[in-house]
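**Q** Sharing start05.cif, mmCIF, C-alpha atoms:
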data_coords
loop_
_atom_site.label_atom_id
_atom_site.label_comp_id
_atom_site.auth_asym_id
_atom_site.auth_seq_id
_atom_site.Cartn_x
_atom_site.Cartn_y
_atom_site.Cartn_z
CA MET A 73 -8.21 31.84 -49.73
CA ARG A 74 -6.30 33.33 -46.82
CA CYS A 75 -8.39 31.16 -44.47
CA ILE A 76 -7.45 27.97 -46.33
CA LEU A 77 -3.74 28.80 -46.33
CA SER A 78 -3.84 29.70 -42.67
CA PHE A 79 -5.45 26.39 -41.82
CA LEU A 80 -3.00 24.34 -43.90
CA LEU A 81 -0.03 26.05 -42.28
CA SER A 82 -1.41 25.31 -38.80
CA ALA A 83 -1.78 21.64 -39.74
CA CYS A 84 1.95 21.20 -40.45
CA LEU A 85 3.69 18.78 -38.16
CA LEU A 86 6.09 20.17 -35.57
CA PHE A 87 8.70 18.22 -33.61
CA PRO A 88 7.92 18.16 -29.91
CA SER A 89 10.51 19.31 -27.39
CA PRO A 90 12.39 16.44 -25.72
CA LEU A 91 11.43 15.39 -22.20
CA PRO A 92 13.99 15.35 -19.39
CA THR A 93 15.04 11.84 -18.44
CA SER A 94 16.61 12.32 -15.01
CA GLU A 95 14.79 10.81 -12.04
CA ALA A 96 14.63 12.07 -8.48
CA PRO A 97 17.30 10.82 -6.09
CA ALA A 98 16.27 8.17 -3.59
CA GLY A 99 17.10 10.50 -0.68
CA GLN A 100 17.42 7.94 2.09
CA PRO A 101 17.72 9.65 5.48
CA PRO A 102 21.01 9.31 7.32
CA ALA A 103 21.07 6.46 9.81
CA GLU A 104 21.10 7.58 13.44
CA GLU A 105 21.66 5.63 16.60
CA VAL A 106 18.55 4.40 18.40
CA THR A 107 18.87 2.30 21.53
CA VAL A 108 16.81 -0.89 21.23
CA SER A 109 17.45 -4.26 22.84
CA ALA A 110 15.94 -6.59 20.24
CA PRO A 111 18.47 -7.95 17.70
CA SER A 112 16.34 -7.21 14.62
CA VAL A 113 14.08 -4.18 14.09
CA ALA A 114 12.72 -1.96 11.33
CA LEU A 115 10.89 1.37 11.38
CA MET A 116 8.97 2.29 8.22
CA GLU A 117 6.85 5.28 7.22
CA ALA A 118 3.66 3.83 5.78
CA SER A 119 2.71 6.23 2.95
CA THR A 120 6.12 6.12 1.25
CA GLY A 121 7.44 2.75 2.44
CA GLN A 122 10.68 4.47 3.38
CA VAL A 123 12.76 2.86 6.12
CA ILE A 124 13.65 5.40 8.80
CA TYR A 125 15.68 3.10 11.01
CA GLU A 126 16.78 -0.52 10.82
CA LYS A 127 18.94 -2.91 12.77
CA ASP A 128 19.81 -6.24 11.18
CA ALA A 129 16.43 -6.04 9.44
CA HIS A 130 17.19 -8.51 6.62
CA THR A 131 18.20 -11.57 8.65
CA PRO A 132 15.60 -14.38 8.41
CA LEU A 133 14.08 -15.26 11.77
CA HIS A 134 11.11 -17.25 13.05
CA PRO A 135 8.13 -14.84 12.98
CA ALA A 136 5.64 -16.58 15.30
CA SER A 137 2.15 -15.09 15.04
CA ILE A 138 3.09 -11.97 13.11
CA THR A 139 2.76 -14.50 10.28
CA LYS A 140 -0.97 -13.81 10.66
CA ILE A 141 -0.53 -10.40 9.03
CA MET A 142 -0.24 -12.21 5.70
CA THR A 143 -3.12 -14.50 6.64
CA MET A 144 -5.30 -11.44 7.21
CA ILE A 145 -4.19 -9.91 3.91
CA LEU A 146 -5.47 -12.98 2.09
CA ILE A 147 -8.73 -12.90 4.04
CA PHE A 148 -9.30 -9.27 3.05
CA ASP A 149 -8.26 -10.08 -0.53
CA ALA A 150 -10.99 -12.73 -0.62
CA LEU A 151 -13.51 -10.28 0.83
CA GLU A 152 -12.61 -7.62 -1.73
CA GLU A 153 -12.85 -10.12 -4.60
CA GLY A 154 -16.27 -11.28 -3.43
CA LYS A 155 -15.14 -14.84 -2.77
CA ILE A 156 -16.37 -14.58 0.82
CA ALA A 157 -18.47 -12.17 2.88
CA LEU A 158 -18.20 -11.10 6.53
CA GLY A 159 -21.47 -12.84 7.34
CA ASP A 160 -20.55 -16.17 5.74
CA THR A 161 -20.56 -19.25 7.96
CA VAL A 162 -17.23 -21.01 8.51
CA THR A 163 -17.26 -24.61 9.69
CA VAL A 164 -14.34 -25.75 11.84
CA SER A 165 -12.61 -28.97 10.77
CA GLU A 166 -10.98 -31.47 13.11
CA TYR A 167 -7.60 -30.38 11.77
CA ALA A 168 -8.28 -26.69 12.46
CA ALA A 169 -9.54 -27.48 15.95
CA SER A 170 -6.37 -29.48 16.68
CA MET A 171 -4.03 -26.47 16.43
CA GLY A 172 -2.01 -25.88 19.55
CA GLY A 173 -0.54 -22.65 20.83
CA SER A 174 -2.66 -19.54 20.95
CA GLN A 175 -6.29 -20.48 20.26
CA VAL A 176 -9.92 -19.76 21.04
CA PHE A 177 -10.76 -23.46 21.51
CA LEU A 178 -12.94 -23.94 18.48
CA GLU A 179 -14.45 -27.44 18.29
CA PRO A 180 -14.86 -29.72 15.24
CA GLY A 181 -18.13 -28.94 13.52
CA GLU A 182 -18.53 -25.58 15.27
CA THR A 183 -19.51 -22.67 13.05
CA GLN A 184 -18.57 -19.00 13.27
CA THR A 185 -18.92 -16.09 10.87
CA VAL A 186 -15.97 -14.77 8.86
CA GLU A 187 -16.10 -11.57 10.90
CA THR A 188 -15.92 -13.46 14.20
CA MET A 189 -12.95 -15.43 12.86
CA LEU A 190 -11.25 -12.16 11.94
CA LYS A 191 -11.70 -10.94 15.50
CA CYS A 192 -10.31 -14.19 16.87
CA ILE A 193 -7.23 -13.84 14.65
CA SER A 194 -6.54 -10.12 15.04
CA VAL A 195 -7.40 -9.79 18.72
CA ALA A 196 -6.62 -13.15 20.31
CA SER A 197 -4.13 -14.47 17.70
CA ALA A 198 -6.09 -17.71 17.33
CA ASN A 199 -4.28 -20.45 15.41
CA ASP A 200 -7.43 -22.55 15.11
CA ALA A 201 -9.33 -19.64 13.53
CA CYS A 202 -6.48 -19.08 11.05
CA VAL A 203 -6.57 -22.66 9.78
CA ALA A 204 -10.37 -22.68 9.64
CA MET A 205 -10.28 -19.55 7.45
CA ALA A 206 -7.50 -20.97 5.28
CA GLU A 207 -9.60 -24.06 4.61
CA HIS A 208 -12.72 -21.98 4.04
CA ILE A 209 -11.02 -19.81 1.39
CA CYS A 210 -8.73 -22.31 -0.36
CA GLY A 211 -9.96 -25.76 0.64
CA SER A 212 -6.73 -26.62 2.45
CA GLU A 213 -4.13 -24.88 4.54
CA GLN A 214 -1.40 -25.91 2.09
CA GLU A 215 -3.05 -24.17 -0.85
CA PHE A 216 -3.64 -21.11 1.32
CA VAL A 217 0.06 -21.09 2.30
CA ASN A 218 1.01 -21.33 -1.39
CA GLN A 219 -0.99 -18.17 -1.97
CA MET A 220 0.63 -16.53 1.05
CA ASN A 221 4.04 -17.13 -0.51
CA GLN A 222 2.88 -15.83 -3.89
CA ARG A 223 1.53 -12.68 -2.24
CA ALA A 224 4.78 -12.26 -0.33
CA LYS A 225 6.77 -12.52 -3.56
CA GLY A 226 4.56 -9.87 -5.15
CA LEU A 227 5.31 -7.51 -2.26
CA GLY A 228 9.07 -7.95 -2.64
CA MET A 229 9.46 -10.02 0.52
CA GLU A 230 12.66 -11.64 -0.71
CA HIS A 231 13.65 -13.44 2.49
CA THR A 232 10.28 -14.89 3.48
CA SER A 233 9.09 -18.49 3.34
CA PHE A 234 5.78 -19.46 4.91
CA ILE A 235 5.13 -23.10 5.83
CA ASN A 236 1.90 -22.59 7.77
CA CYS A 237 -0.71 -19.85 8.13
CA CYS A 238 -0.49 -19.25 11.86
CA GLY A 239 3.22 -19.02 12.74
CA LEU A 240 3.88 -22.19 14.73
CA ASP A 241 7.60 -23.01 14.80
CA VAL A 242 8.55 -25.34 11.95
CA GLU A 243 11.75 -25.62 9.98
CA GLY A 244 11.87 -23.18 7.07
CA HIS A 245 9.08 -20.89 8.29
CA MET A 246 11.07 -17.65 8.26
CA THR A 247 10.85 -13.95 7.49
CA THR A 248 12.65 -10.69 8.30
CA ALA A 249 11.82 -7.47 10.12
CA TYR A 250 11.89 -5.60 6.79
CA ASP A 251 9.60 -8.13 5.10
CA VAL A 252 7.16 -7.93 8.02
CA ALA A 253 7.12 -4.14 7.60
CA LEU A 254 6.32 -4.61 3.90
CA MET A 255 3.32 -6.86 4.54
CA SER A 256 2.16 -4.68 7.44
CA ARG A 257 2.20 -1.68 5.13
CA GLU A 258 0.17 -3.60 2.54
CA LEU A 259 -2.45 -4.58 5.12
CA ILE A 260 -2.98 -1.15 6.69
CA SER A 261 -2.74 0.74 3.38
CA LYS A 262 -4.98 -1.47 1.25
CA TYR A 263 -7.35 -2.56 4.00
CA PRO A 264 -7.47 0.19 6.68
CA GLN A 265 -10.59 -1.48 8.10
CA ILE A 266 -8.20 -3.88 9.81
CA HIS A 267 -7.88 -1.22 12.53
CA ASN A 268 -11.54 -1.80 13.41
CA TYR A 269 -10.54 -5.29 14.53
CA CYS A 270 -6.98 -5.09 15.82
CA THR A 271 -7.79 -2.18 18.16
CA ILE A 272 -10.51 -4.11 20.00
CA TRP A 273 -9.29 -4.51 23.57
CA MET A 274 -11.80 -7.05 24.88
CA GLU A 275 -14.83 -8.73 23.35
CA ASN A 276 -16.80 -11.92 23.86
CA ILE A 277 -17.64 -14.51 21.25
CA THR A 278 -20.18 -17.31 21.61
CA HIS A 279 -19.30 -20.96 21.15
CA VAL A 280 -22.27 -23.05 20.04
CA THR A 281 -21.42 -26.77 20.03
CA ARG A 282 -23.05 -30.07 20.84
CA LYS A 283 -22.23 -29.31 24.47
CA GLY A 284 -24.35 -26.17 24.33
CA SER A 285 -23.69 -22.44 24.20
CA SER A 286 -20.90 -20.69 26.09
CA GLU A 287 -19.18 -17.29 26.12
CA PHE A 288 -15.47 -16.94 25.47
CA GLY A 289 -13.56 -13.73 26.11
CA LEU A 290 -11.09 -12.31 23.59
CA THR A 291 -8.34 -10.10 25.01
CA ASN A 292 -5.93 -8.22 22.78
CA THR A 293 -2.39 -9.57 22.88
CA ASN A 294 -1.05 -6.15 21.81
CA LYS A 295 -0.65 -4.19 25.06
CA LEU A 296 0.33 -1.07 23.12
CA ILE A 297 -3.35 -0.59 22.31
CA ARG A 298 -3.75 0.45 25.95
CA GLN A 299 -0.25 1.67 26.71
CA TYR A 300 0.64 3.85 23.71
CA PRO A 301 -1.68 6.75 22.86
CA TYR A 302 -1.12 6.65 19.08
CA ALA A 303 -1.28 2.87 18.63
CA THR A 304 -3.50 1.53 15.84
CA GLY A 305 -2.43 -2.14 15.78
CA LEU A 306 -1.19 -4.48 14.49
CA LYS A 307 0.03 -7.96 15.57
CA THR A 308 2.11 -9.69 18.21
CA GLY A 309 3.81 -13.08 18.19
CA SER A 310 5.80 -15.33 20.49
CA THR A 311 7.15 -18.88 20.40
CA SER A 312 10.17 -20.57 21.95
CA GLN A 313 12.21 -20.10 18.77
CA ALA A 314 10.87 -16.73 17.68
CA LYS A 315 10.96 -15.28 21.20
CA PHE A 316 8.84 -12.10 21.35
CA CYS A 317 7.81 -10.16 18.24
CA VAL A 318 5.48 -7.31 17.35
CA SER A 319 4.53 -5.29 14.31
CA ALA A 320 3.29 -2.08 15.89
CA THR A 321 1.40 0.51 13.85
CA ALA A 322 0.66 4.02 15.07
CA GLU A 323 -0.63 7.33 13.73
CA LYS A 324 -0.02 10.88 14.94
CA ASP A 325 -1.02 14.07 13.11
CA GLY A 326 -1.58 12.12 9.90
CA LEU A 327 1.84 10.43 10.02
CA LYS A 328 1.60 6.61 9.98
CA LEU A 329 4.50 4.47 11.20
CA ILE A 330 5.24 0.75 11.37
CA ALA A 331 7.71 -0.54 13.99
CA VAL A 332 8.71 -4.19 13.71
CA ILE A 333 10.49 -5.90 16.60
CA MET A 334 11.75 -9.49 16.26
CA ALA A 335 13.37 -11.89 18.72
CA ALA A 336 13.07 -9.62 21.76
CA PRO A 337 14.05 -11.48 24.94
CA ASP A 338 10.78 -10.79 26.79
CA PRO A 339 7.35 -9.27 26.10
CA LYS A 340 8.04 -6.00 27.92
CA ILE A 341 11.15 -5.30 25.88
CA ARG A 342 9.34 -5.82 22.55
CA PHE A 343 6.80 -3.14 23.53
CA GLN A 344 9.50 -0.84 24.94
CA ASP A 345 11.52 -1.14 21.73
CA ALA A 346 8.43 -0.51 19.61
CA THR A 347 7.60 2.59 21.67
CA THR A 348 11.18 3.83 21.33
CA LEU A 349 11.10 3.46 17.55
CA LEU A 350 7.68 5.06 17.17
CA ASN A 351 8.62 8.04 19.35
CA TYR A 352 11.82 8.45 17.35
CA GLY A 353 9.88 8.38 14.09
CA PHE A 354 7.24 10.85 15.20
CA GLY A 355 9.96 13.23 16.39
CA LYS A 356 12.00 12.84 13.22
CA CYS A 357 9.54 12.67 10.34
CA GLN A 358 7.15 14.92 8.53
CA VAL A 359 5.32 14.17 5.31
CA TYR A 360 4.57 16.48 2.39
CA LYS A 361 1.63 15.36 0.26
CA ASP A 362 0.14 16.82 -2.90
CA GLU A 363 -3.10 15.18 -3.97
CA ASN A 364 -2.67 16.75 -7.43
CA LYS A 365 -6.22 17.96 -7.85
CA ASP A 366 -5.29 21.13 -9.76
CA LYS A 367 -6.46 21.37 -13.39
CA LEU A 368 -3.80 20.67 -16.00
CA PRO A 369 -3.61 22.39 -19.41
CA ASN A 370 -4.42 20.49 -22.58
CA LEU A 371 -1.38 19.56 -24.65
CA PRO A 372 -1.47 20.48 -28.38
CA ILE A 373 -1.21 17.47 -30.71
CA GLN A 374 0.40 17.91 -34.12
CA GLY A 375 -0.81 15.84 -37.04
CA GLY A 376 -3.71 14.29 -35.17
CA THR A 377 -7.45 13.83 -35.56
CA LYS A 378 -7.82 16.12 -32.54
CA ASP A 379 -6.00 19.39 -31.92
CA ASP A 380 -5.08 18.54 -28.30
CA SER A 381 -5.39 16.04 -25.48
CA PRO A 382 -6.31 16.56 -21.82
CA LEU A 383 -3.71 15.58 -19.23
CA SER A 384 -3.92 13.94 -15.82
CA TYR A 385 -1.56 13.15 -12.95
CA GLU A 386 -0.50 9.52 -12.64
CA SER A 387 -0.75 9.65 -8.84
CA ASP A 388 -0.52 11.75 -5.71
CA PHE A 389 2.92 12.88 -4.59
CA THR A 390 4.29 12.06 -1.14
CA TYR A 391 7.67 13.04 0.29
CA LEU A 392 9.12 12.03 3.65
CA ASP A 393 11.38 14.60 5.29
CA VAL A 394 13.68 13.69 8.19
CA ALA A 395 15.78 16.86 8.23
CA GLY A 396 13.28 19.30 9.74
CA SER A 397 12.88 21.21 6.46
CA ASP A 398 10.30 23.91 5.83
CA LEU A 399 7.92 21.93 3.64
CA SER A 400 5.89 25.05 2.81
CA SER A 401 8.72 25.96 0.43
CA VAL A 402 8.22 22.87 -1.77
CA THR A 403 7.61 23.92 -5.38
CA LYS A 404 6.04 22.06 -8.30
CA GLU A 405 7.00 22.61 -11.94
CA LEU A 406 5.26 21.04 -14.95
CA ILE A 407 7.76 19.76 -17.50
CA LEU A 408 5.96 19.41 -20.83
CA PRO A 409 6.82 19.80 -24.52
CA GLU A 410 5.14 22.62 -26.46
CA SER A 411 3.26 19.94 -28.39
CA SER A 412 3.29 16.25 -29.13
CA LYS A 413 3.07 14.33 -32.37
CA ALA A 414 0.17 11.99 -33.13
CA PRO A 415 -0.59 9.23 -32.51
CA VAL A 416 -0.81 9.28 -28.70
CA LYS A 417 -2.55 6.79 -26.42
CA LYS A 418 -4.55 7.45 -23.27
CA GLY A 419 -2.31 6.72 -20.27
CA GLN A 420 0.90 7.33 -22.22
CA THR A 421 3.41 9.60 -20.48
CA ALA A 422 3.31 13.17 -21.76
CA GLY A 423 5.63 14.83 -19.25
CA LYS A 424 6.12 15.13 -15.52
CA ALA A 425 5.52 17.31 -12.50
CA VAL A 426 8.83 17.90 -10.71
CA TYR A 427 8.94 18.78 -7.01
CA LYS A 428 11.83 20.74 -5.50
CA LEU A 429 12.83 21.66 -1.97
CA ASN A 430 15.49 24.34 -1.57
CA LYS A 431 16.06 24.10 -5.35
CA LYS A 432 16.84 20.39 -5.09
CA GLU A 433 14.61 17.85 -6.83
CA ILE A 434 12.85 15.58 -4.33
CA GLY A 435 10.63 13.60 -6.68
CA SER A 436 8.27 13.67 -9.62
CA VAL A 437 4.93 12.41 -10.86
CA ASN A 438 4.25 11.48 -14.47
CA LEU A 439 1.69 13.46 -16.48
CA LEU A 440 -0.43 11.23 -18.69
CA PHE A 441 -2.42 11.78 -21.86
CA GLY A 442 -6.12 11.68 -21.06
CA SER A 443 -7.37 10.53 -24.47
CA ASP A 444 -6.35 8.68 -27.62
CA VAL A 445 -5.46 10.86 -30.59
CA GLU A 446 -5.01 9.01 -33.88
CA LYS A 447 -2.70 10.21 -36.63
CA ALA A 448 -4.62 12.29 -39.17
CA LEU A 449 -5.02 10.84 -42.69
CA PHE A 450 -5.54 12.75 -45.94
CA LYS A 451 -9.32 12.54 -45.58
CA ASP A 452 -9.09 14.06 -42.08
CA TYR A 453 -7.09 17.02 -43.42
CA PHE A 454 -9.53 17.42 -46.31
CA LEU A 455 -12.55 17.44 -44.01
CA LYS A 456 -10.86 19.92 -41.65
CA THR A 457 -9.96 22.17 -44.59
CA LEU A 458 -13.48 21.99 -45.97
CA GLU A 459 -14.96 22.78 -42.59
CA GLN A 460 -12.64 25.76 -42.17
CA PHE A 461 -13.42 26.98 -45.69
CA LEU A 462 -17.18 26.80 -45.13
CA PHE A 463 -16.78 28.61 -41.83
CA CYS A 464 -14.82 31.40 -43.54
CA GLN A 465 -17.42 31.65 -46.30
CA ALA A 466 -20.25 31.89 -43.81
CA ASP A 467 -18.32 34.48 -41.82
CA ALA A 468 -17.66 36.55 -44.95
CA ALA A 469 -21.33 36.36 -45.99
CA GLY A 470 -22.39 37.55 -42.58
#
With the file now loaded, output its structure as structure tokens.
**A**
Amino acid sequence: MRCILSFLLSACLLFPSPLPTSEAPAGQPPAEEVTVSAPSVALMEASTGQVIYEKDAHTPLHPASITKIMTMILIFDALEEGKIALGDTVTVSEYAASMGGSQVFLEPGETQTVETMLKCISVASANDACVAMAEHICGSEQEFVNQMNQRAKGLGMEHTSFINCCGLDVEGHMTTAYDVALMSRELISKYPQIHNYCTIWMENITHVTRKGSSEFGLTNTNKLIRQYPYATGLKTGSTSQAKFCVSATAEKDGLKLIAVIMAAPDPKIRFQDATTLLNYGFGKCQVYKDENKDKLPNLPIQGGTKDDSPLSYESDFTYLDVAGSDLSSVTKELILPESSKAPVKKGQTAGKAVYKLNKKEIGSVNLLFGSDVEKALFKDYFLKTLEQFLFCQADAAG
């Protein structure tokens, strides 16, 4: 009898403790003076997306060929979705072959693989290859550009409007240094294999046309690949209206930075400004990261078909420090109720892990229920009671 009473008392529903609702402060680093000549720049840390330095970074300007960053995002999207493969054959249309500006002189009817086209775009900034790929993926450049604008909107690029896929100067084709940093971050974070292409310094491709076969040399337009020891990419651009632009990515000791320079007066200054920003960032920033692989306790569930639920972290935790703090003193505290009331759903927030530096909260990660737990009905309680009773009887008989 004592066993039955003990079980029934343990099945009573308890009210869970309330969860804290305060969120971590944004913690933007204080702006500091950096001497750059270009009128519009942005320096972003890639893992957090935090802007470390900016100068008139939200003014729309002509982007020239750094437009191709979005073009390459859509190409990699299509590869990931299985719509195309690197070895697929791309046929060049008359329209694609007619593109002016930077090009690799593709001819109408010529074929190249998707991978070769990627090299032409990322290394040699080929307008003709961009349009050929746009047509290959979407049937027309216009439909491809529509998808570029949709992708931009999804990334929060609020001041961007693409009119073409290659960056030739046309009215209304505009973006900002900040928006370029956003799409650069998306490309290198989601598709890090881009670095296999945009760090190629020189490579030959083969044109096979009705005139015969000929070699054509690709040379990287991004001189930082040779000049800056930590450079990993990404894309240059220049037109009469855009002047000289670059989105420069670099990595040092695990820290990844994106420096965007727009409307620099000459090509040397764009690379000098990018180097200045990257050096500033590497000297200023350090990143704390917790991959959250430690095992979490199960959380008791009151009034459910199960007694508890496993927990999991929603994500890793990353914090960017620009104050030279001792990141070894970062602490993590699990904020959880003593129990939760059924029903609960897998993926529902159960609590949070709060990170503090010098007793100040610097961020948090949600803790999620790892399984569904339905609310117990009378029959569930009866079966549990019967099971407990039979267990007690067997124990007593033994």
**Q** I need the residue set behind the PyMOL selection byres ((chain A and resi 181) around 10) for this file; please write it as a VMD selection string.
**A** chain A and resid 162 to 166 169 178 to 180 182 to 184 280 to 282
**Q** Calculated over all atoms listed in the file, which of the candidates A:Lys315, A:Lys155, A:His130, A:Lys295 has the smallest distance to Leu254 (chain A)?
**A**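 Among the listed residues, A:His130 lies closest to Leu254 (chain A).
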**Q** Suppose a student applies the PyMOL selection byres ((chain A and resi 278) around 12) to this structure; what residues should they get, written as a list in words?
**A**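 Applied to this file, the PyMOL selection byres ((chain A and resi 278) around 12) selects Val176, Phe177, Leu178, Glu182, Thr183, Gln184, Thr185, Thr188, Met189, Cys192, Glu275, Asn276, Ile277, His279, Val280, Thr281, Gly284, Ser285, Ser286, Glu287, Phe288, Gly289 and Leu290 of chain A.
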**Q** Given the selection you just returned, output its residues as a file containing C-alpha atoms, formatted as an mmCIF file, in the frame of the given file.
**A**
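Just written: again.cif:
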data_model
loop_
_atom_site.group_PDB
_atom_site.id
_atom_site.type_symbol
_atom_site.label_atom_id
_atom_site.label_comp_id
_atom_site.auth_asym_id
_atom_site.auth_seq_id
_atom_site.Cartn_x
_atom_site.Cartn_y
_atom_site.Cartn_z
ATOM 1 C CA VAL A 176 -9.920 -19.760 21.040
ATOM 2 C CA PHE A 177 -10.760 -23.460 21.510
ATOM 3 C CA LEU A 178 -12.940 -23.940 18.480
ATOM 4 C CA GLU A 182 -18.530 -25.580 15.270
ATOM 5 C CA THR A 183 -19.510 -22.670 13.050
ATOM 6 C CA GLN A 184 -18.570 -19.000 13.270
ATOM 7 C CA THR A 185 -18.920 -16.090 10.870
ATOM 8 C CA THR A 188 -15.920 -13.460 14.200
ATOM 9 C CA MET A 189 -12.950 -15.430 12.860
ATOM 10 C CA CYS A 192 -10.310 -14.190 16.870
ATOM 11 C CA GLU A 275 -14.830 -8.730 23.350
ATOM 12 C CA ASN A 276 -16.800 -11.920 23.860
ATOM 13 C CA ILE A 277 -17.640 -14.510 21.250
ATOM 14 C CA HIS A 279 -19.300 -20.960 21.150
ATOM 15 C CA VAL A 280 -22.270 -23.050 20.040
ATOM 16 C CA THR A 281 -21.420 -26.770 20.030
ATOM 17 C CA GLY A 284 -24.350 -26.170 24.330
ATOM 18 C CA SER A 285 -23.690 -22.440 24.200
ATOM 19 C CA SER A 286 -20.900 -20.690 26.090
ATOM 20 C CA GLU A 287 -19.180 -17.290 26.120
ATOM 21 C CA PHE A 288 -15.470 -16.940 25.470
ATOM 22 C CA GLY A 289 -13.560 -13.730 26.110
ATOM 23 C CA LEU A 290 -11.090 -12.310 23.590
#
**Q** Apply the PyMOL selection byres ((chain A and resi 172) around 9) to the file shown and report the selected residues as number ranges by chain.
**A** A: 169-171, 173-175, 199-200, 240
**Q** So what do you get for CA of Asp366 (chain A) versus CA of Ser411 (chain A), distance-wise?
**A**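 Interatomic distance here is 20.5 Å.
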**Q** What lies within 7 Å of Thr421 (chain A) using all atoms listed in the file, ignoring chain neighbours under 3 positions off, as a list in words?
**A**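 The residues satisfying every condition are Asn438, Leu439, Leu440 and Phe441 of chain A.
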**Q** Deliver the residues from the most recent selection as a file, using C-alpha atoms, as a compact mmCIF listing (two decimals), in the coordinates of the input.
**A**
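Saved result, out07.txt, follows:
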# COMPACT_ATOMS: atom_id res chain seq x y z
CA ASN A 438 4.25 11.48 -14.47
CA LEU A 439 1.69 13.46 -16.48
CA LEU A 440 -0.43 11.23 -18.69
CA PHE A 441 -2.42 11.78 -21.86
**Q** Measure the distance from CA of Tyr300 (chain A) to CA of Thr347 (chain A) in Å and round it to one decimal.
**A**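 Atom-to-atom, CA of Tyr300 (chain A) and CA of Thr347 (chain A) are spaced 7.4 Å apart.
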**Q** Quick one: of A:Tyr302, A:Tyr352, A:Phe343, A:Phe234, who's nearest to Tyr125 (chain A), counting only C-alpha atoms?
**A**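 Looking at the shortest contact to Tyr125 (chain A), the residue is A:Tyr352.
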**Q** Which residues are near Val108 (chain A)? Cut-off 12 Å, only C-alpha atoms, ignore same chain within fewer than 4 positions. Put them as a list of chain:residue names.
**A** A:Ser112, A:Val113, A:Ala114, A:Leu115, A:Tyr125, A:Glu126, A:Lys127, A:Asp128, A:Ala331, A:Val332, A:Ile333, A:Met334, A:Ala335, A:Ala336, A:Pro337, A:Ile341, A:Arg342, A:Phe343, A:Gln344, A:Asp345, A:Ala346, A:Thr347, A:Thr348, A:Leu349, A:Leu350, A:Tyr352
**Q** Could you pull the residues within 12 Å of Ile145 (chain A), counting only C-alpha atoms, minus those fewer than 6 positions along the same chain, as number ranges by chain?
**A** A: 138-139, 151-152, 190, 193-194, 202, 205-206, 216, 219-221, 223-224, 227, 237, 254-266
**Q** Give me, please, the distance in Å between CA of Thr107 (chain A) and CA of Thr131 (chain A), quoted to one decimal.
**A**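 For CA of Thr107 (chain A) relative to CA of Thr131 (chain A), the distance reads 18.9 Å.
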**Q** Which is closest to Gln358 (chain A) among A:Ser233, A:Ser119, A:Ser319, A:Ser443, if we use only C-alpha atoms?
**A**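 Nearest candidate to Gln358 (chain A) out of A:Ser233, A:Ser119, A:Ser319, A:Ser443: A:Ser119.
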**Q** Tell me which protein, DNA and RNA residues are within 8 Å of Gln214 (chain A), counting all atoms listed in the file, leaving out same-chain ones fewer than 3 positions away, and put them as a PyMOL selection string.
**A** chain A and resi 217-218+236
**Q** In terms of the shortest atom-to-atom distance over only C-alpha atoms, which of A:Glu117, A:Asp149, A:Glu405, A:Glu207 is closest to Glu433 (chain A)?
**A**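 Among the listed residues, A:Glu405 lies closest to Glu433 (chain A).
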**Q** In terms of the shortest atom-to-atom distance over all atoms listed in the file, which of A:Tyr167, A:Tyr250, A:Phe148, A:Tyr360 is closest to Pro132 (chain A)?
**A**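 Of A:Tyr167, A:Tyr250, A:Phe148, A:Tyr360, the one nearest Pro132 (chain A), counting all atoms listed in the file, is A:Tyr250.
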**Q** Pick out the closest residue to Arg298 (chain A) from this set: A:Met274, A:Ala253, A:Leu406, A:Ile373. Count all atoms listed in the file.
**A** A:Met274
**Q** Residues within 7 Å of Ser436 (chain A), please, as number ranges by chain. Count only C-alpha atoms; anything in the same chain fewer than 3 positions from it doesn't count.
**A** A: 96, 424-427
**Q** Go ahead and dump the residues you just picked, C-alpha atoms, as a PDB file, in the coordinates of the input.
**A**
ATOM      1  CA  ALA A  96      14.630  12.070  -8.480  1.00  0.00           C
ATOM      2  CA  LYS A 424       6.120  15.130 -15.520  1.00  0.00           C
ATOM      3  CA  ALA A 425       5.520  17.310 -12.500  1.00  0.00           C
ATOM      4  CA  VAL A 426       8.830  17.900 -10.710  1.00  0.00           C
ATOM      5  CA  TYR A 427       8.940  18.780  -7.010  1.00  0.00           C
TER       6      TYR A 427
END
**Q** Within 12 Å of (1.2, 9.2, -29.8) (file coordinates; all atoms listed in the file), which protein or nucleic acid residues are there? I'd like them as a PyMOL selection string.
**A** chain A and resi 88+371-378+380-381+411-422+440-448
**Q** Return as AutoDock Vina command-line options the centre and edge lengths, in Å with one decimal, of the box along x, y and z that encloses every atom of region 251-262 of chain A in the file, padded by 8 Å per side.
**A**
--center_x 2.3 --center_y -3.7 --center_z 4.6 --size_x 30.6 --size_y 24.9 --size_z 22.8
